[in-house]
Amino acid sequence: MTSEPVSDALPRFPRDFVWGVSTSAAQIEGAVGEDGRGLSAWDVFAARAGRIKDGSDARVATDHYHRYREDVGLLRELGVGAYRFSVAWPRVVPDGDGAVNGAGLDFYDRLVDALLAAGVAPVPTLFHWDTPQALEERGGWLRRETAERFAAYADVVAGRLGDRVERWITLNEPAEVTLLGYGLGQHAPGRQLLFEALPAAHHQLLGHGLAVQALRARGARSIGIANSHGPTWTASASEADTAAAGLYDLLLNRLFAEPVLLGRYPDEELAALLPGPVAEDLKVISQPLDWYGINYYQPTLVGAPGADGAAAADFGGIRLPPELPFAPREIEGYPRTDFGWPVVPEALTELLVSFRERYGDRLPPVVITENGCAYEGTEDRERIAFLDGHLRALHAAMAAGVDVRGYFVWSLLDNFEWAEGYARRFGLVHVDYTTLERTPKASYHWLRDVLREQARG
């Protein structure tokens with residue numbers, strides 16, 4: 001099967017540019033409870049009535065745990081140079097600390113070896129939201145102990161895989177864990193603490209820094225983080241809207257970038273709310289990185305709450321409480337994904353250029369660690385147009401002087417989409433959730449053709 005380009009050929013990317021796709025263990029592996037794996041906070045959350053919109057769970061997911069060789073074959077045929085997957089913390093250290101599960105490490109041994117045999121570089125993420133439930137019951141990321149336990153787990157994984165893994169990612173999207181998991185309760189662990197969730201942000205960032213130290217001690221030379229970012233657009237020039245948008249940007253973007261890149265929090269009053277020896281912790285959090293990962297999906301239009309045009313109760317699948325001091329608004333005039341997210345490729349250019357301007361030489365080379373869209377069907381014209389547009393926007397940012405070294409599509413496979421269950425399909429490959437049969441979509445073939453053309457350059 002071949003694909004038709006949506007427009008002229010894409011511009012040429014550098015020959016050493018890293019092309020990849022991403023997944024996460026909790027969304028694809030399944031095999032919950034097999035071979036010594038412990039429970040995660042997401043296993044427990046999904047078992048509670050009403051938490052997952054379609055009533056599903058990830059006990060089977062796409063069964064990648066048993067079908068990983070088939071999935072590696074899909075990667076080889078696609079022609080990507082790298083595969084970003086996550087290691088399930090409760091599969092390796094079932095209780096979050098203490099005994100190590102050798103069978104869990106063996107699985108990732110086999111996966112890494114299969115990837116290398118297929119000519120695909122493994123890029124493991126050490127934490128993609130699946131906190132061991134035993135740690136969660138002791139407070140999870142609200143407690144400093146979890147950061148320390150995370151570093152010990154990172155050391156275990158690096159000790160087993162470090163001889164074959166070049167690139168590492170510590171955390172995926174700590175902003176979402178903080179906001180959706182601890183602040184609003186719409187993701188695991190389901191707490192509704194609003195601004196009292198801020199310790200979860202600090203402890204995840206501390207865990208990142210401690211994990212960087214552990215990886216360096218094991219000889220790792222290419223380490224990054226995968227933070228979610230997007231431009232914040234102000235609903236109007238009014239003082240109230242400007243202040244609301246500034247606070248939103250601080251909490252969703254700057255709070256997670258600046259401790260890592262600058263070694264400080266973006267607001268002194270905010271820093272005063274955080275636990276522990278914050279100044280000392282920031283020295284750990286700001287360990288030098290080799291590259292900075294950005295997950296980009298959409299911009300956000302923000303205004304003051306209660307004003308005309310304020311956000312609906314359900315914004316992009318997220319129910320926002322009225323007491324928040326900002327209100328995301330609908331962005332009109334753009335096509336939308338099946339998730340209801342606006343498709344704005346040029347906002348990726350805006351985001352990257354703004355990061356270069358804001359952080360200057362403190363910004364290491366950038367890798368887009370996630371970018372993708374949810375659409376039904378296998379003909380996939382919308383997904384092809386989405387990827388085409390965002391790759392052009394990425395190239396425009398590079399032409400403007402932003403040092404971007406790679407791009408990972410979310411996701412290789414349709415999978416368990418967190419609180420949405422199986423209702424949203426982000427994959428380049430369709431998965432029949434009854435038979436688990438994999439069927440490459442048109443976007444898979446389009447990307448394969450793009451990569452072959454880029455390789456000919």
# chains A, B, ... in the order shown; residues from 1 in each chain; ligands from 1
call {"tool": "residues_around", "arguments": {"residues": "Gly33 (chain A)", "least_positions_apart": "5", "cutoff": "10 Å", "atoms": "only C-alpha atoms", "output": "list of chain:residue names"}}
result
A:Gly38, A:Leu39, A:Arg59, A:Pro90, A:Arg91, A:Pro94
call {"tool": "closest_residue", "arguments": {"among": "A:Tyr359, A:Tyr334, A:Phe339, A:Tyr296", "to": "Val260 (chain A)", "atoms": "only C-alpha atoms"}}
result
A:Tyr359
call {"tool": "select_by_dssp", "arguments": {"residues": "region 51-222 of chain A", "states": "alpha helix (DSSP H)", "output": "VMD selection string"}}
result
chain A and resid 64 to 78 89 to 92 102 to 117 133 to 136 144 to 161 174 to 176 198 to 217
call {"tool": "atom_distance", "arguments": {"atom1": "CA of Ala188 (chain A)", "atom2": "CA of Asp130 (chain A)"}}
result
8.5 Å
call {"tool": "closest_residue", "arguments": {"among": "A:Ala118, A:Ile52, A:Ala9, A:Ala99", "to": "Leu391 (chain A)", "atoms": "only C-alpha atoms"}}
result
A:Ala9
call {"tool": "select_by_dssp", "arguments": {"residues": "region 39-149 of chain A", "states": "strand (DSSP E or B)", "output": "ChimeraX atom specification"}}
result
/A:40,82-86,121-127,132
call {"tool": "write_last_selection", "arguments": {"atoms": "C-alpha atoms", "output": "PDB file, in the first residue's frame"}}
result
ATOM      1  CA  SER A  40      -0.137   0.786  39.461  1.00  0.00           C
ATOM      2  CA  ALA A  82      14.088   5.411  17.271  1.00  0.00           C
ATOM      3  CA  TYR A  83      11.272   4.089  19.437  1.00  0.00           C
ATOM      4  CA  ARG A  84      10.224   5.885  22.579  1.00  0.00           C
ATOM      5  CA  PHE A  85       8.565   3.456  24.997  1.00  0.00           C
ATOM      6  CA  SER A  86       8.170   3.553  28.757  1.00  0.00           C
ATOM      7  CA  ALA A 121      17.280   2.824  18.765  1.00  0.00           C
ATOM      8  CA  PRO A 122      15.491   2.261  22.105  1.00  0.00           C
ATOM      9  CA  VAL A 123      14.524   5.459  23.972  1.00  0.00           C
ATOM     10  CA  PRO A 124      13.036   4.444  27.324  1.00  0.00           C
ATOM     11  CA  THR A 125      10.974   6.797  29.465  1.00  0.00           C
ATOM     12  CA  LEU A 126      11.323   5.880  33.124  1.00  0.00           C
ATOM     13  CA  PHE A 127       7.995   7.301  34.322  1.00  0.00           C
ATOM     14  CA  PRO A 132       3.275   1.843  41.911  1.00  0.00           C
TER      15      PRO A 132
END
call {"tool": "residues_around", "arguments": {"residues": "Asp106 (chain A)", "least_positions_apart": "4", "cutoff": "10 Å", "atoms": "only C-alpha atoms", "output": "MDAnalysis selection string"}}
result
chainID A and resid 92 101:102 110:112 160:161
call {"tool": "write_last_selection", "arguments": {"atoms": "all heavy atoms", "output": "CSV table (one decimal), in the first residue's frame"}}
result
chain,number,residue,atom,x,y,z
A,92,VAL,N,8.9,-3.5,37.2
A,92,VAL,CA,10.3,-3.7,37.6
A,92,VAL,C,10.5,-3.7,39.1
A,92,VAL,O,11.2,-4.5,39.7
A,92,VAL,CB,11.2,-2.6,37.0
A,92,VAL,CG1,12.6,-2.6,37.5
A,92,VAL,CG2,11.2,-2.7,35.5
A,101,ASN,N,11.9,-7.0,40.5
A,101,ASN,CA,11.3,-8.2,39.8
A,101,ASN,C,12.1,-8.5,38.6
A,101,ASN,O,12.1,-7.8,37.6
A,101,ASN,CB,9.9,-7.8,39.4
A,101,ASN,CG,9.2,-8.9,38.6
A,101,ASN,OD1,9.5,-10.1,38.8
A,101,ASN,ND2,8.3,-8.5,37.7
A,102,GLY,N,12.9,-9.5,38.6
A,102,GLY,CA,13.8,-9.9,37.5
A,102,GLY,C,13.0,-10.2,36.3
A,102,GLY,O,13.5,-9.9,35.2
A,110,ARG,N,14.5,-8.1,26.5
A,110,ARG,CA,14.1,-8.7,25.2
A,110,ARG,C,13.7,-7.6,24.3
A,110,ARG,O,14.0,-7.7,23.1
A,110,ARG,CB,13.0,-9.7,25.5
A,110,ARG,CG,13.4,-10.9,26.3
A,110,ARG,CD,12.4,-12.0,26.2
A,110,ARG,NE,11.1,-11.6,26.8
A,110,ARG,CZ,10.7,-11.8,28.1
A,110,ARG,NH1,11.6,-12.3,28.9
A,110,ARG,NH2,9.5,-11.4,28.5
A,111,LEU,N,12.9,-6.6,24.8
A,111,LEU,CA,12.4,-5.6,23.9
A,111,LEU,C,13.6,-4.8,23.3
A,111,LEU,O,13.7,-4.5,22.1
A,111,LEU,CB,11.5,-4.7,24.7
A,111,LEU,CG,11.0,-3.4,23.9
A,111,LEU,CD1,10.2,-3.8,22.7
A,111,LEU,CD2,10.1,-2.6,24.9
A,112,VAL,N,14.5,-4.4,24.2
A,112,VAL,CA,15.7,-3.6,23.7
A,112,VAL,C,16.5,-4.4,22.7
A,112,VAL,O,16.9,-3.9,21.6
A,112,VAL,CB,16.6,-3.2,24.9
A,112,VAL,CG1,17.9,-2.7,24.4
A,112,VAL,CG2,15.8,-2.1,25.7
A,160,ARG,N,20.6,-2.4,34.2
A,160,ARG,CA,20.3,-3.6,33.3
A,160,ARG,C,20.4,-3.2,31.8
A,160,ARG,O,20.9,-4.0,31.0
A,160,ARG,CB,18.9,-4.1,33.6
A,160,ARG,CG,18.5,-5.2,32.7
A,160,ARG,CD,19.3,-6.5,32.8
A,160,ARG,NE,19.0,-7.2,33.9
A,160,ARG,CZ,18.0,-8.2,34.0
A,160,ARG,NH1,17.3,-8.5,32.9
A,160,ARG,NH2,17.8,-8.8,35.1
A,161,LEU,N,19.9,-2.0,31.5
A,161,LEU,CA,19.8,-1.7,30.1
A,161,LEU,C,20.8,-0.7,29.6
A,161,LEU,O,20.9,-0.5,28.4
A,161,LEU,CB,18.4,-1.1,29.8
A,161,LEU,CG,17.2,-1.9,30.2
A,161,LEU,CD1,15.9,-1.2,29.8
A,161,LEU,CD2,17.2,-3.3,29.5
call {"tool": "atom_distance", "arguments": {"atom1": "CA of Arg383 (chain A)", "atom2": "CA of Tyr297 (chain A)"}}
result
12.8 Å
call {"tool": "residues_around", "arguments": {"residues": "region 276-283 of chain A", "least_positions_apart": "6", "cutoff": "7 Å", "atoms": "only C-alpha atoms", "output": "JSON, numbers by chain"}}
result
{"A": [206, 259, 263, 264]}
call {"tool": "closest_residue", "arguments": {"among": "A:Gly119, A:Gly401, A:Gly209, A:Pro266", "to": "Ser354 (chain A)", "atoms": "only C-alpha atoms"}}
result
A:Gly401
call {"tool": "residues_around", "arguments": {"residues": "Ala419 (chain A)", "least_positions_apart": "4", "cutoff": "12 Å", "atoms": "only C-alpha atoms", "output": "MDAnalysis selection string"}}
result
chainID A and resid 27 42:43 45:58 180:181 185:190 317:319 415 423:424
call {"tool": "closest_residue", "arguments": {"among": "A:Trp19, A:Trp418, A:Val366, A:Gln213", "to": "Val177 (chain A)", "atoms": "only C-alpha atoms"}}
result
A:Trp418
call {"tool": "atom_distance", "arguments": {"atom1": "CA of Thr232 (chain A)", "atom2": "CA of Asp249 (chain A)"}}
result
5.9 Å
call {"tool": "residues_around", "arguments": {"residues": "Ala147 (chain A)", "least_positions_apart": "2", "cutoff": "10 Å", "atoms": "only C-alpha atoms", "output": "PyMOL selection string"}}
result
chain A and resi 140-145+149-153+200+202-211
call {"tool": "residues_around", "arguments": {"residues": "Ala257 (chain A)", "least_positions_apart": "5", "cutoff": "9 Å", "atoms": "only C-alpha atoms", "output": "PyMOL selection string"}}
result
chain A and resi 227+229+262+265
call {"tool": "decode", "arguments": {"residues": "region 347-401 of chain A", "atoms": "C-alpha atoms", "output": "short mmCIF file (atom, residue, chain, number, x, y, z; two decimals), in the first residue's frame"}}
result
data_model
loop_
_atom_site.label_atom_id
_atom_site.label_comp_id
_atom_site.auth_asym_id
_atom_site.auth_seq_id
_atom_site.Cartn_x
_atom_site.Cartn_y
_atom_site.Cartn_z
CA ALA A 347 1.48 27.30 17.10
CA LEU A 348 4.29 24.71 17.23
CA THR A 349 6.56 27.18 15.44
CA GLU A 350 5.42 29.90 17.84
CA LEU A 351 6.10 27.71 20.86
CA LEU A 352 9.61 26.72 19.81
CA VAL A 353 10.66 30.22 18.83
CA SER A 354 9.30 31.58 22.12
CA PHE A 355 11.29 28.98 24.06
CA ARG A 356 14.47 29.99 22.27
CA GLU A 357 13.76 33.66 22.99
CA ARG A 358 12.81 33.06 26.64
CA TYR A 359 15.62 30.67 27.61
CA GLY A 360 18.43 31.50 25.20
CA ASP A 361 21.55 29.41 25.68
CA ARG A 362 20.00 27.69 28.71
CA LEU A 363 17.79 25.76 26.30
CA PRO A 364 19.57 22.61 25.11
CA PRO A 365 18.74 21.03 21.75
CA VAL A 366 15.05 20.25 21.51
CA VAL A 367 13.34 16.98 20.60
CA ILE A 368 9.60 16.82 19.93
CA THR A 369 8.87 13.77 22.05
CA GLU A 370 5.13 13.65 21.26
CA ASN A 371 2.93 15.09 18.54
CA GLY A 372 -0.17 13.45 17.18
CA CYS A 373 -3.95 13.44 16.89
CA ALA A 374 -7.04 11.32 17.53
CA TYR A 375 -9.18 10.36 14.53
CA GLU A 376 -11.36 7.38 13.73
CA GLY A 377 -11.00 5.28 10.58
CA THR A 378 -8.03 3.94 8.62
CA GLU A 379 -8.07 6.14 5.51
CA ASP A 380 -6.59 8.78 7.73
CA ARG A 381 -6.60 11.89 5.54
CA GLU A 382 -6.94 14.14 8.60
CA ARG A 383 -4.01 12.50 10.39
CA ILE A 384 -1.82 12.77 7.31
CA ALA A 385 -2.72 16.46 6.98
CA PHE A 386 -2.01 16.95 10.70
CA LEU A 387 1.44 15.37 10.52
CA ASP A 388 2.31 17.12 7.27
CA GLY A 389 1.36 20.50 8.70
CA HIS A 390 3.22 20.01 11.96
CA LEU A 391 6.39 18.81 10.25
CA ARG A 392 6.35 21.93 8.10
CA ALA A 393 5.82 24.05 11.21
CA LEU A 394 8.71 22.26 12.90
CA HIS A 395 10.96 22.91 9.92
CA ALA A 396 9.96 26.59 10.00
CA ALA A 397 11.09 26.79 13.64
CA MET A 398 14.39 25.20 12.69
CA ALA A 399 14.79 27.70 9.84
CA ALA A 400 14.20 30.44 12.42
CA GLY A 401 17.18 29.18 14.40
#
